[in-house]
Amino acid sequence: MTVTVRFAPSPTGRIHIGNARTALFNWLFASQNRGRFIQRFDDTDQARSTQAFADGILYDLHWLGIFPDTVEYQSKRTDTYDAAVERLKASGLLYPCYETVEELELKRKIRLSRKLPPVYGREALQLTDEQKAAFEAEGRRPHWRFLLPNFRGNPQETERTDVHWSDLVRGDETVDLASLSDPVLVREDGTYLYTLPSVVDDIDMEITHVIRGDDHVTNTGVQIALFRALGAEPPVFGHHNLLTTSTGEGLSKRTGALSIASLREDGLEPMAVASLATLIGSAEQVTPEPNLAALADKFDPAATSKSSAKFDPADLDTLNKAIVHAMSFEDVAVRLLAMGISGPEAEPFWNAVRGNLTRVTDAARWWQIVRNGPEPTDELSGADRDFAREAFEFLPDEPFDRRTWKHWTDQVKQATGRKGKELFLPLRVALTGLSSGPELAELLPLLGREGTLARRP
Ligand code: GLU
């Protein structure tokens, strides 16, 4: 059977790095197993879901290097869910309830005061047809609950019913169905909550592995029961730990914090984001991987830790730097062109500066320095200024190449007696306006003799 996974966000905002972690776990698992990846939009909440968010999520996935085999929308599959509902109703596994939110809250409090678990007591199962008709006459509409298989004879007398599965990430897992309320599958207005459409789709789309965040572990107990109620074998499940901010808060699509779009706009490389999103919170070392195929070689769901993982954006910069340093001119030529960096000097320029960049976009600053002159950032003091002025007297003749810098500074050393930092720093500041930056041996040929002389203080 072909391994088939799905990534199933609700399109109610742009995805953040934690959502990307789920997408990547699925994508990498599928690529390790030559499987299929289905992009499924859980958009049954029509009030909050938008096509623009769905398109944005696809864009973010493509940017990360994830290209789904198929894209599905739950909002277009309502008929299929309706058919499943009819089957569940016919077998008595879906029953109508008429309690208001306030009534449910009161029941919960009563159960708690009687030291009973605060789960729904299935009172609606005992409603007569007359009572139901009376509620309907009052204008009440039912919501529908799934009868969990956690009893033998009388549904009011639940007993411990463990559902087991072997989790791809967490190992052996158990959920006791008697500890849960019968879940509401259909709301008063006939719309679906997440649980049923998800299971129906997983069956219809022949999903073999459901990989998602560990906030769904309890849902899995319910969903396994629902798979069986619908006559299907449940897929394999894997629940990865969630990412939190460095202060321990959960990430939210709604706040837009750490969204993939904002990381992209910040100039980060997709592989810096993908490497961190995948490898953080696992026994694997977080390394900057060059592409998703290399990341797939390293990825091991079972190495993921069970506790949540703190995400530090500073780690992204470290990874990004390493990735940018290893990028060839071919890798970035188009992006440089878009930044106005072109011509025969673009390639030697890139090779000269890449080792000093955190982001590719930082190249623009160095291009300005090379083309237009030093930045007015660091000033030379009196003695250093005099020294630098004098040093320019010894500038070698054309042609300028990688050896010119050494040649020049050897001469200056001999003539002035300055060496080390005393010698190099004033020259660096005179040439670039900054006290650190790319190798001057690489920059000098880009400046040429004329360009260098023009920077004489
Ligand atoms: N829409 C659900 C979520 O974003 C999907 C969970 C699942 O993968 O089943 O949490």
# chains A, B, ... in the order shown; residues from 1 in each chain; ligands from 1
$ residues_around --residues "segment 134-138 of chain A" --least-positions-apart "5" --cutoff "12 Å" --atoms "only C-alpha atoms" --output "PyMOL selection string"
chain A and resi 96-100+124+127-129+143+188
$ write_last_selection --atoms "N, CA and C atoms" --output "PDB file, in the first residue's frame"
ATOM      1  N   PRO A  96     -29.137  12.719  18.994  1.00  0.00           N
ATOM      2  CA  PRO A  96     -29.401  14.161  19.118  1.00  0.00           C
ATOM      3  C   PRO A  96     -29.451  14.597  20.586  1.00  0.00           C
ATOM      4  N   CYS A  97     -28.888  15.767  20.835  1.00  0.00           N
ATOM      5  CA  CYS A  97     -28.879  16.340  22.187  1.00  0.00           C
ATOM      6  C   CYS A  97     -29.401  17.769  22.077  1.00  0.00           C
ATOM      7  N   TYR A  98     -30.103  18.211  23.128  1.00  0.00           N
ATOM      8  CA  TYR A  98     -30.736  19.538  23.046  1.00  0.00           C
ATOM      9  C   TYR A  98     -30.246  20.514  24.113  1.00  0.00           C
ATOM     10  N   GLU A  99     -29.263  20.105  24.908  1.00  0.00           N
ATOM     11  CA  GLU A  99     -28.829  20.988  26.001  1.00  0.00           C
ATOM     12  C   GLU A  99     -28.204  22.272  25.467  1.00  0.00           C
ATOM     13  N   THR A 100     -28.474  23.351  26.183  1.00  0.00           N
ATOM     14  CA  THR A 100     -27.782  24.603  25.863  1.00  0.00           C
ATOM     15  C   THR A 100     -26.422  24.571  26.571  1.00  0.00           C
ATOM     16  N   ALA A 124     -29.372  12.675  27.097  1.00  0.00           N
ATOM     17  CA  ALA A 124     -30.184  12.815  25.878  1.00  0.00           C
ATOM     18  C   ALA A 124     -30.590  11.465  25.291  1.00  0.00           C
ATOM     19  N   LEU A 127     -34.180  10.626  26.098  1.00  0.00           N
ATOM     20  CA  LEU A 127     -35.298  11.483  25.681  1.00  0.00           C
ATOM     21  C   LEU A 127     -36.311  10.672  24.875  1.00  0.00           C
ATOM     22  N   THR A 128     -37.577  10.893  25.176  1.00  0.00           N
ATOM     23  CA  THR A 128     -38.631  10.237  24.382  1.00  0.00           C
ATOM     24  C   THR A 128     -38.883  11.072  23.126  1.00  0.00           C
ATOM     25  N   ASP A 129     -39.614  10.500  22.204  1.00  0.00           N
ATOM     26  CA  ASP A 129     -39.937  11.238  20.973  1.00  0.00           C
ATOM     27  C   ASP A 129     -40.739  12.498  21.302  1.00  0.00           C
ATOM     28  N   HIS A 143     -27.800  19.204  18.598  1.00  0.00           N
ATOM     29  CA  HIS A 143     -26.434  18.896  18.162  1.00  0.00           C
ATOM     30  C   HIS A 143     -26.295  17.389  18.320  1.00  0.00           C
ATOM     31  N   GLU A 188     -25.577  22.500  16.145  1.00  0.00           N
ATOM     32  CA  GLU A 188     -27.020  22.824  15.984  1.00  0.00           C
ATOM     33  C   GLU A 188     -27.346  23.298  14.568  1.00  0.00           C
TER      34      GLU A 188
END
$ select_by_dssp --residues "segment 73-269 of chain A" --states "strand (DSSP E)" --output "number ranges by chain"
A: 73, 94-97, 143-146, 162-167, 171-176, 184-186, 209-213, 236-240, 243-244
$ write_last_selection --atoms "C-alpha atoms" --output "PDB file, in the first residue's frame"
ATOM      1  CA  TYR A  73     -11.022  21.246   0.543  1.00  0.00           C
ATOM      2  CA  LEU A  94     -25.007   9.339  16.603  1.00  0.00           C
ATOM      3  CA  TYR A  95     -27.706  10.774  18.855  1.00  0.00           C
ATOM      4  CA  PRO A  96     -29.401  14.161  19.118  1.00  0.00           C
ATOM      5  CA  CYS A  97     -28.879  16.340  22.187  1.00  0.00           C
ATOM      6  CA  HIS A 143     -26.434  18.896  18.162  1.00  0.00           C
ATOM      7  CA  TRP A 144     -25.274  15.335  17.558  1.00  0.00           C
ATOM      8  CA  ARG A 145     -22.971  13.255  19.717  1.00  0.00           C
ATOM      9  CA  PHE A 146     -21.045  10.115  18.835  1.00  0.00           C
ATOM     10  CA  ASP A 162      -8.473   1.498  26.631  1.00  0.00           C
ATOM     11  CA  VAL A 163      -7.701   2.294  23.038  1.00  0.00           C
ATOM     12  CA  HIS A 164      -4.083   1.455  22.220  1.00  0.00           C
ATOM     13  CA  TRP A 165      -1.877   2.399  19.349  1.00  0.00           C
ATOM     14  CA  SER A 166       1.788   2.318  18.594  1.00  0.00           C
ATOM     15  CA  ASP A 167       2.690   5.930  17.920  1.00  0.00           C
ATOM     16  CA  GLY A 171       5.724   4.730  21.147  1.00  0.00           C
ATOM     17  CA  ASP A 172       2.882   2.928  22.965  1.00  0.00           C
ATOM     18  CA  GLU A 173      -0.076   5.187  23.668  1.00  0.00           C
ATOM     19  CA  THR A 174      -3.364   4.558  25.437  1.00  0.00           C
ATOM     20  CA  VAL A 175      -6.528   6.618  25.804  1.00  0.00           C
ATOM     21  CA  ASP A 176      -9.340   5.487  28.109  1.00  0.00           C
ATOM     22  CA  VAL A 184     -20.202  16.467  19.367  1.00  0.00           C
ATOM     23  CA  LEU A 185     -19.764  15.759  15.646  1.00  0.00           C
ATOM     24  CA  VAL A 186     -22.478  18.036  14.223  1.00  0.00           C
ATOM     25  CA  HIS A 209      -0.184   7.659   8.378  1.00  0.00           C
ATOM     26  CA  VAL A 210      -1.615  10.583  10.332  1.00  0.00           C
ATOM     27  CA  ILE A 211       1.241  12.739  11.615  1.00  0.00           C
ATOM     28  CA  ARG A 212       0.232  15.778  13.655  1.00  0.00           C
ATOM     29  CA  GLY A 213       0.869  17.726  16.852  1.00  0.00           C
ATOM     30  CA  VAL A 236      -0.868   4.606  11.877  1.00  0.00           C
ATOM     31  CA  PHE A 237      -0.636   7.710  14.087  1.00  0.00           C
ATOM     32  CA  GLY A 238       2.321   9.865  15.030  1.00  0.00           C
ATOM     33  CA  HIS A 239       2.134  12.879  17.382  1.00  0.00           C
ATOM     34  CA  HIS A 240       5.076  15.231  17.516  1.00  0.00           C
ATOM     35  CA  LEU A 243       7.009  24.347  19.483  1.00  0.00           C
ATOM     36  CA  THR A 244       6.678  27.220  21.910  1.00  0.00           C
TER      37      THR A 244
END
$ residues_around --residues "Pro344 of chain A" --least-positions-apart "6" --cutoff "12 Å" --atoms "only C-alpha atoms" --output "list in words"
Phe329, Ala333, Leu337, Trp350 and Leu446 of chain A
$ write_last_selection --atoms "all heavy atoms" --output "CSV table (one decimal), in the first residue's frame"
chain,number,residue,atom,x,y,z
A,329,PHE,N,27.5,31.2,-6.5
A,329,PHE,CA,26.9,32.3,-7.3
A,329,PHE,C,25.7,31.9,-8.0
A,329,PHE,O,24.7,32.6,-8.1
A,329,PHE,CB,28.0,32.9,-8.2
A,329,PHE,CG,27.5,34.0,-9.0
A,329,PHE,CD1,27.1,35.2,-8.5
A,329,PHE,CD2,27.4,33.8,-10.4
A,329,PHE,CE1,26.6,36.2,-9.3
A,329,PHE,CE2,26.9,34.9,-11.2
A,329,PHE,CZ,26.5,36.1,-10.6
A,333,ALA,N,22.3,34.0,-8.2
A,333,ALA,CA,22.5,35.0,-9.2
A,333,ALA,C,21.2,35.7,-9.5
A,333,ALA,O,21.2,37.0,-9.6
A,333,ALA,CB,23.0,34.3,-10.5
A,337,LEU,N,20.6,39.7,-9.0
A,337,LEU,CA,20.1,40.5,-10.2
A,337,LEU,C,19.0,41.4,-9.8
A,337,LEU,O,18.9,42.6,-10.0
A,337,LEU,CB,19.8,39.6,-11.3
A,337,LEU,CG,19.5,40.2,-12.7
A,337,LEU,CD1,20.8,40.9,-13.2
A,337,LEU,CD2,19.0,39.2,-13.7
A,350,TRP,N,30.2,38.3,-5.1
A,350,TRP,CA,29.5,37.3,-4.2
A,350,TRP,C,30.5,36.5,-3.4
A,350,TRP,O,30.4,36.3,-2.2
A,350,TRP,CB,28.5,36.5,-5.0
A,350,TRP,CG,27.9,35.4,-4.2
A,350,TRP,CD1,28.2,34.1,-4.2
A,350,TRP,CD2,27.0,35.5,-3.1
A,350,TRP,NE1,27.5,33.4,-3.3
A,350,TRP,CE2,26.7,34.3,-2.6
A,350,TRP,CE3,26.3,36.6,-2.6
A,350,TRP,CZ2,25.9,34.1,-1.5
A,350,TRP,CZ3,25.4,36.4,-1.5
A,350,TRP,CH2,25.2,35.2,-1.0
A,446,LEU,N,38.1,44.2,-6.6
A,446,LEU,CA,36.8,44.7,-7.1
A,446,LEU,C,36.8,46.3,-7.1
A,446,LEU,O,36.1,46.9,-7.9
A,446,LEU,CB,35.7,44.3,-6.1
A,446,LEU,CG,35.4,42.8,-6.1
A,446,LEU,CD1,34.5,42.4,-4.9
A,446,LEU,CD2,34.7,42.3,-7.4
$ residues_around --residues "Leu434 of chain A" --least-positions-apart "4" --cutoff "9 Å" --atoms "only C-alpha atoms" --output "JSON, numbers by chain"
{"A": [374, 375, 376, 377, 378, 379, 428, 429, 430]}
$ write_last_selection --atoms "N, CA and C atoms" --output "PDB file, in the first residue's frame"
ATOM      1  N   PRO A 374      32.863  54.111   0.904  1.00  0.00           N
ATOM      2  CA  PRO A 374      32.698  53.622   2.275  1.00  0.00           C
ATOM      3  C   PRO A 374      31.453  54.184   2.943  1.00  0.00           C
ATOM      4  N   GLU A 375      30.968  53.425   3.903  1.00  0.00           N
ATOM      5  CA  GLU A 375      29.844  53.920   4.703  1.00  0.00           C
ATOM      6  C   GLU A 375      30.379  54.928   5.703  1.00  0.00           C
ATOM      7  N   PRO A 376      29.649  55.967   5.966  1.00  0.00           N
ATOM      8  CA  PRO A 376      30.149  56.946   6.947  1.00  0.00           C
ATOM      9  C   PRO A 376      29.876  56.465   8.370  1.00  0.00           C
ATOM     10  N   THR A 377      30.280  55.219   8.656  1.00  0.00           N
ATOM     11  CA  THR A 377      29.925  54.645   9.964  1.00  0.00           C
ATOM     12  C   THR A 377      31.026  54.859  10.996  1.00  0.00           C
ATOM     13  N   ASP A 378      32.193  54.251  10.721  1.00  0.00           N
ATOM     14  CA  ASP A 378      33.299  54.379  11.677  1.00  0.00           C
ATOM     15  C   ASP A 378      34.249  55.480  11.194  1.00  0.00           C
ATOM     16  N   GLU A 379      34.593  56.388  12.105  1.00  0.00           N
ATOM     17  CA  GLU A 379      35.496  57.500  11.753  1.00  0.00           C
ATOM     18  C   GLU A 379      36.926  57.121  12.120  1.00  0.00           C
ATOM     19  N   ARG A 428      41.132  49.199   6.643  1.00  0.00           N
ATOM     20  CA  ARG A 428      39.786  48.648   6.448  1.00  0.00           C
ATOM     21  C   ARG A 428      38.738  49.753   6.607  1.00  0.00           C
ATOM     22  N   VAL A 429      38.909  50.577   7.629  1.00  0.00           N
ATOM     23  CA  VAL A 429      37.926  51.641   7.868  1.00  0.00           C
ATOM     24  C   VAL A 429      37.960  52.655   6.713  1.00  0.00           C
ATOM     25  N   ALA A 430      39.165  52.965   6.245  1.00  0.00           N
ATOM     26  CA  ALA A 430      39.262  53.913   5.130  1.00  0.00           C
ATOM     27  C   ALA A 430      38.566  53.365   3.884  1.00  0.00           C
TER      28      ALA A 430
END
$ residues_near_ligand --ligand "ligand 1" --cutoff "9 Å" --atoms "only C-alpha atoms and all ligand atoms" --output "MDAnalysis selection string"
chainID A and resid 6:11 19 22 40:43 194:195 198:199 202 210:213 215:216 219:220
$ select_by_dssp --residues "segment 41-154 of chain A" --states "helix (DSSP H, G or I)" --output "VMD selection string"
chain A and resid 51 to 64 74 to 76 78 to 90 101 to 113 123 to 126 129 to 137
$ residues_around --residues "Ala352 of chain A" --least-positions-apart "5" --cutoff "9 Å" --atoms "only C-alpha atoms" --output "PyMOL selection string"
chain A and resi 347+438-443
$ write_last_selection --atoms "all heavy atoms" --output "PDB file, in the first residue's frame"
ATOM      1  N   GLU A 347      29.895  37.982  -9.759  1.00  0.00           N
ATOM      2  CA  GLU A 347      30.349  36.691  -9.214  1.00  0.00           C
ATOM      3  C   GLU A 347      31.528  36.853  -8.243  1.00  0.00           C
ATOM      4  O   GLU A 347      31.454  36.352  -7.114  1.00  0.00           O
ATOM      5  CB  GLU A 347      30.679  35.712 -10.338  1.00  0.00           C
ATOM      6  CG  GLU A 347      31.101  34.377  -9.777  1.00  0.00           C
ATOM      7  CD  GLU A 347      31.065  33.236 -10.783  1.00  0.00           C
ATOM      8  OE1 GLU A 347      30.720  33.472 -11.955  1.00  0.00           O
ATOM      9  OE2 GLU A 347      31.397  32.113 -10.378  1.00  0.00           O
ATOM     10  N   PRO A 438      34.267  41.651   4.837  1.00  0.00           N
ATOM     11  CA  PRO A 438      34.923  40.624   4.019  1.00  0.00           C
ATOM     12  C   PRO A 438      36.433  40.837   3.926  1.00  0.00           C
ATOM     13  O   PRO A 438      36.931  41.929   4.180  1.00  0.00           O
ATOM     14  CB  PRO A 438      34.288  40.803   2.643  1.00  0.00           C
ATOM     15  CG  PRO A 438      33.074  41.615   2.850  1.00  0.00           C
ATOM     16  CD  PRO A 438      33.292  42.427   4.059  1.00  0.00           C
ATOM     17  N   GLU A 439      37.120  39.788   3.531  1.00  0.00           N
ATOM     18  CA  GLU A 439      38.578  39.838   3.315  1.00  0.00           C
ATOM     19  C   GLU A 439      38.906  40.985   2.369  1.00  0.00           C
ATOM     20  O   GLU A 439      38.372  41.048   1.251  1.00  0.00           O
ATOM     21  CB  GLU A 439      39.028  38.549   2.610  1.00  0.00           C
ATOM     22  CG  GLU A 439      38.881  37.295   3.418  1.00  0.00           C
ATOM     23  CD  GLU A 439      40.023  37.132   4.399  1.00  0.00           C
ATOM     24  OE1 GLU A 439      41.077  37.777   4.174  1.00  0.00           O
ATOM     25  OE2 GLU A 439      39.852  36.409   5.386  1.00  0.00           O
ATOM     26  N   LEU A 440      39.830  41.832   2.786  1.00  0.00           N
ATOM     27  CA  LEU A 440      40.192  42.949   1.906  1.00  0.00           C
ATOM     28  C   LEU A 440      40.957  42.464   0.678  1.00  0.00           C
ATOM     29  O   LEU A 440      40.908  43.089  -0.389  1.00  0.00           O
ATOM     30  CB  LEU A 440      40.985  43.987   2.690  1.00  0.00           C
ATOM     31  CG  LEU A 440      40.078  44.741   3.681  1.00  0.00           C
ATOM     32  CD1 LEU A 440      40.889  45.485   4.717  1.00  0.00           C
ATOM     33  CD2 LEU A 440      39.148  45.704   2.953  1.00  0.00           C
ATOM     34  N   ALA A 441      41.638  41.330   0.817  1.00  0.00           N
ATOM     35  CA  ALA A 441      42.328  40.763  -0.346  1.00  0.00           C
ATOM     36  C   ALA A 441      41.342  40.478  -1.475  1.00  0.00           C
ATOM     37  O   ALA A 441      41.674  40.553  -2.656  1.00  0.00           O
ATOM     38  CB  ALA A 441      43.053  39.485   0.056  1.00  0.00           C
ATOM     39  N   GLU A 442      40.091  40.159  -1.086  1.00  0.00           N
ATOM     40  CA  GLU A 442      39.063  39.863  -2.095  1.00  0.00           C
ATOM     41  C   GLU A 442      38.405  41.152  -2.602  1.00  0.00           C
ATOM     42  O   GLU A 442      37.975  41.224  -3.753  1.00  0.00           O
ATOM     43  CB  GLU A 442      37.955  38.978  -1.487  1.00  0.00           C
ATOM     44  CG  GLU A 442      38.425  37.691  -0.854  1.00  0.00           C
ATOM     45  CD  GLU A 442      38.699  36.609  -1.880  1.00  0.00           C
ATOM     46  OE1 GLU A 442      38.233  36.766  -3.033  1.00  0.00           O
ATOM     47  OE2 GLU A 442      39.385  35.633  -1.536  1.00  0.00           O
ATOM     48  N   LEU A 443      38.301  42.119  -1.699  1.00  0.00           N
ATOM     49  CA  LEU A 443      37.598  43.350  -2.089  1.00  0.00           C
ATOM     50  C   LEU A 443      38.453  44.245  -2.992  1.00  0.00           C
ATOM     51  O   LEU A 443      37.938  44.907  -3.897  1.00  0.00           O
ATOM     52  CB  LEU A 443      37.192  44.153  -0.849  1.00  0.00           C
ATOM     53  CG  LEU A 443      36.029  43.619  -0.022  1.00  0.00           C
ATOM     54  CD1 LEU A 443      35.641  44.638   1.048  1.00  0.00           C
ATOM     55  CD2 LEU A 443      34.803  43.320  -0.895  1.00  0.00           C
TER      56      LEU A 443
END
$ residues_around --residues "segment 354-360 of chain A" --least-positions-apart "5" --cutoff "7 Å" --atoms "only C-alpha atoms" --output "count of residues only"
9
$ closest_residue --among "A:Ile260, A:Leu196, A:Leu58, A:Ala363" --to "Leu336 of chain A" --atoms "only C-alpha atoms"
A:Ala363
$ atom_distance --atom1 "atom CA of Ile207 of chain A" --atom2 "atom CA of Val5 of chain A"
5.6 Å
$ closest_residue --among "A:Ala257, A:Leu226, A:Leu316, A:Ala338" --to "Arg87 of chain A" --atoms "only C-alpha atoms"
A:Leu226
$ closest_residue --among "A:Leu24, A:Glu398, A:Asn372, A:Leu319" --to "Glu450 of chain A" --atoms "only C-alpha atoms"
A:Glu398
$ atom_distance --atom1 "atom CA of Leu93 of chain A" --atom2 "atom CA of Arg141 of chain A"
18.5 Å
$ closest_residue --among "A:Trp63, A:Trp27, A:Trp367, A:Phe151" --to "Glu265 of chain A" --atoms "only C-alpha atoms"
A:Trp63
$ residues_around --residues "segment 117-121 of chain A" --least-positions-apart "4" --cutoff "8 Å" --atoms "only C-alpha atoms" --output "NGL selection string"
:A and (104 or 107-109 or 111-112 or 156 or 179-182)
$ write_last_selection --atoms "all heavy atoms" --output "mmCIF file, in the first residue's frame"
data_model
loop_
_atom_site.group_PDB
_atom_site.id
_atom_site.type_symbol
_atom_site.label_atom_id
_atom_site.label_comp_id
_atom_site.auth_asym_id
_atom_site.auth_seq_id
_atom_site.Cartn_x
_atom_site.Cartn_y
_atom_site.Cartn_z
ATOM 1 N N LEU A 104 -25.396 22.503 30.017
ATOM 2 C CA LEU A 104 -24.264 21.559 30.068
ATOM 3 C C LEU A 104 -23.309 21.938 31.197
ATOM 4 O O LEU A 104 -22.801 21.072 31.914
ATOM 5 C CB LEU A 104 -23.512 21.552 28.732
ATOM 6 C CG LEU A 104 -24.213 20.837 27.586
ATOM 7 C CD1 LEU A 104 -23.462 21.067 26.285
ATOM 8 C CD2 LEU A 104 -24.340 19.338 27.870
ATOM 9 N N LYS A 107 -24.756 20.819 34.455
ATOM 10 C CA LYS A 107 -24.607 19.363 34.628
ATOM 11 C C LYS A 107 -23.179 19.005 35.038
ATOM 12 O O LYS A 107 -22.951 18.120 35.847
ATOM 13 C CB LYS A 107 -24.926 18.639 33.309
ATOM 14 C CG LYS A 107 -26.393 18.577 33.030
ATOM 15 C CD LYS A 107 -26.690 17.757 31.814
ATOM 16 C CE LYS A 107 -28.204 17.701 31.656
ATOM 17 N NZ LYS A 107 -28.635 17.030 30.477
ATOM 18 N N ARG A 108 -22.243 19.729 34.444
ATOM 19 C CA ARG A 108 -20.839 19.467 34.734
ATOM 20 C C ARG A 108 -20.559 19.750 36.216
ATOM 21 O O ARG A 108 -19.933 18.948 36.908
ATOM 22 C CB ARG A 108 -19.971 20.375 33.854
ATOM 23 C CG ARG A 108 -18.621 19.833 33.491
ATOM 24 C CD ARG A 108 -17.889 20.839 32.599
ATOM 25 N NE ARG A 108 -17.478 21.987 33.394
ATOM 26 C CZ ARG A 108 -16.312 22.069 34.024
ATOM 27 N NH1 ARG A 108 -15.447 21.089 33.903
ATOM 28 N NH2 ARG A 108 -16.018 23.126 34.742
ATOM 29 N N LYS A 109 -21.089 20.881 36.670
ATOM 30 C CA LYS A 109 -20.856 21.267 38.069
ATOM 31 C C LYS A 109 -21.479 20.244 39.018
ATOM 32 O O LYS A 109 -20.887 19.878 40.026
ATOM 33 C CB LYS A 109 -21.435 22.657 38.342
ATOM 34 C CG LYS A 109 -20.544 23.744 37.769
ATOM 35 C CD LYS A 109 -20.947 25.112 38.268
ATOM 36 C CE LYS A 109 -20.037 26.159 37.677
ATOM 37 N NZ LYS A 109 -20.752 27.363 37.301
ATOM 38 N N ARG A 111 -22.006 17.069 38.467
ATOM 39 C CA ARG A 111 -21.197 15.835 38.472
ATOM 40 C C ARG A 111 -19.944 16.018 39.320
ATOM 41 O O ARG A 111 -19.579 15.139 40.091
ATOM 42 C CB ARG A 111 -20.820 15.434 37.047
ATOM 43 C CG ARG A 111 -21.979 14.838 36.246
ATOM 44 C CD ARG A 111 -21.511 14.359 34.897
ATOM 45 N NE ARG A 111 -20.700 13.154 34.978
ATOM 46 C CZ ARG A 111 -21.190 11.930 34.857
ATOM 47 N NH1 ARG A 111 -22.476 11.733 34.641
ATOM 48 N NH2 ARG A 111 -20.395 10.889 34.929
ATOM 49 N N LEU A 112 -19.331 17.183 39.167
ATOM 50 C CA LEU A 112 -18.109 17.438 39.940
ATOM 51 C C LEU A 112 -18.420 17.419 41.435
ATOM 52 O O LEU A 112 -17.664 16.836 42.229
ATOM 53 C CB LEU A 112 -17.495 18.792 39.543
ATOM 54 C CG LEU A 112 -16.649 18.801 38.266
ATOM 55 C CD1 LEU A 112 -16.235 20.217 37.901
ATOM 56 C CD2 LEU A 112 -15.408 17.912 38.412
ATOM 57 N N GLN A 156 -25.243 4.249 30.239
ATOM 58 C CA GLN A 156 -25.009 5.112 31.399
ATOM 59 C C GLN A 156 -23.935 4.523 32.312
ATOM 60 O O GLN A 156 -23.368 5.233 33.126
ATOM 61 C CB GLN A 156 -26.306 5.276 32.198
ATOM 62 C CG GLN A 156 -26.825 6.705 32.225
ATOM 63 C CD GLN A 156 -27.615 7.046 30.975
ATOM 64 O OE1 GLN A 156 -28.232 6.159 30.384
ATOM 65 N NE2 GLN A 156 -27.588 8.288 30.553
ATOM 66 N N SER A 179 -12.978 8.060 30.015
ATOM 67 C CA SER A 179 -12.616 9.351 30.613
ATOM 68 C C SER A 179 -13.086 10.516 29.747
ATOM 69 O O SER A 179 -12.838 11.672 30.065
ATOM 70 C CB SER A 179 -11.097 9.424 30.801
ATOM 71 O OG SER A 179 -10.475 9.494 29.521
ATOM 72 N N LEU A 180 -13.758 10.213 28.652
ATOM 73 C CA LEU A 180 -14.130 11.270 27.698
ATOM 74 C C LEU A 180 -15.639 11.386 27.535
ATOM 75 O O LEU A 180 -16.372 10.408 27.691
ATOM 76 C CB LEU A 180 -13.524 10.951 26.319
ATOM 77 C CG LEU A 180 -12.010 10.741 26.277
ATOM 78 C CD1 LEU A 180 -11.593 10.306 24.874
ATOM 79 C CD2 LEU A 180 -11.290 12.018 26.676
ATOM 80 N N SER A 181 -16.073 12.594 27.195
ATOM 81 C CA SER A 181 -17.480 12.808 26.833
ATOM 82 C C SER A 181 -17.692 12.316 25.413
ATOM 83 O O SER A 181 -16.772 12.374 24.584
ATOM 84 C CB SER A 181 -17.807 14.302 26.843
ATOM 85 O OG SER A 181 -17.687 14.833 28.129
ATOM 86 N N ASP A 182 -18.898 11.897 25.126
ATOM 87 C CA ASP A 182 -19.224 11.611 23.724
ATOM 88 C C ASP A 182 -19.005 12.893 22.935
ATOM 89 O O ASP A 182 -19.592 13.940 23.263
ATOM 90 C CB ASP A 182 -20.696 11.199 23.602
ATOM 91 C CG ASP A 182 -20.949 9.800 24.139
ATOM 92 O OD1 ASP A 182 -19.979 9.018 24.268
ATOM 93 O OD2 ASP A 182 -22.119 9.505 24.447
#
$ closest_residue --among "A:Gly451, A:Gly18, A:Gly281, A:Pro149" --to "Gln223 of chain A" --atoms "only C-alpha atoms"
A:Pro149
$ atom_distance --atom1 "atom CA of Asp384 of chain A" --atom2 "atom CA of Leu427 of chain A"
8.7 Å
$ decode --residues "segment 400-409 of chain A" --atoms "N, CA and C atoms" --output "mmCIF file, in the first residue's frame"
data_model
loop_
_atom_site.group_PDB
_atom_site.id
_atom_site.type_symbol
_atom_site.label_atom_id
_atom_site.label_comp_id
_atom_site.auth_asym_id
_atom_site.auth_seq_id
_atom_site.Cartn_x
_atom_site.Cartn_y
_atom_site.Cartn_z
ATOM 1 N N PHE A 400 45.169 44.723 -10.363
ATOM 2 C CA PHE A 400 44.847 44.344 -8.985
ATOM 3 C C PHE A 400 44.297 42.919 -8.950
ATOM 4 N N ASP A 401 44.908 42.090 -8.121
ATOM 5 C CA ASP A 401 44.355 40.748 -7.941
ATOM 6 C C ASP A 401 44.392 40.389 -6.452
ATOM 7 N N ARG A 402 44.163 39.112 -6.154
ATOM 8 C CA ARG A 402 44.043 38.689 -4.748
ATOM 9 C C ARG A 402 45.347 38.902 -3.964
ATOM 10 N N ARG A 403 46.462 39.006 -4.695
ATOM 11 C CA ARG A 403 47.738 39.187 -3.984
ATOM 12 C C ARG A 403 48.043 40.649 -3.704
ATOM 13 N N THR A 404 47.304 41.543 -4.305
ATOM 14 C CA THR A 404 47.623 42.969 -4.209
ATOM 15 C C THR A 404 47.591 43.474 -2.755
ATOM 16 N N TRP A 405 46.604 43.020 -2.022
ATOM 17 C CA TRP A 405 46.456 43.465 -0.621
ATOM 18 C C TRP A 405 47.722 43.149 0.183
ATOM 19 N N LYS A 406 48.205 41.919 0.026
ATOM 20 C CA LYS A 406 49.387 41.503 0.802
ATOM 21 C C LYS A 406 50.603 42.327 0.381
ATOM 22 N N HIS A 407 50.720 42.445 -0.901
ATOM 23 C CA HIS A 407 51.807 43.208 -1.491
ATOM 24 C C HIS A 407 51.812 44.631 -0.913
ATOM 25 N N TRP A 408 50.666 45.251 -0.959
ATOM 26 C CA TRP A 408 50.505 46.640 -0.483
ATOM 27 C C TRP A 408 50.847 46.751 1.008
ATOM 28 N N THR A 409 50.215 45.877 1.816
ATOM 29 C CA THR A 409 50.388 46.023 3.270
ATOM 30 C C THR A 409 51.816 45.664 3.697
#
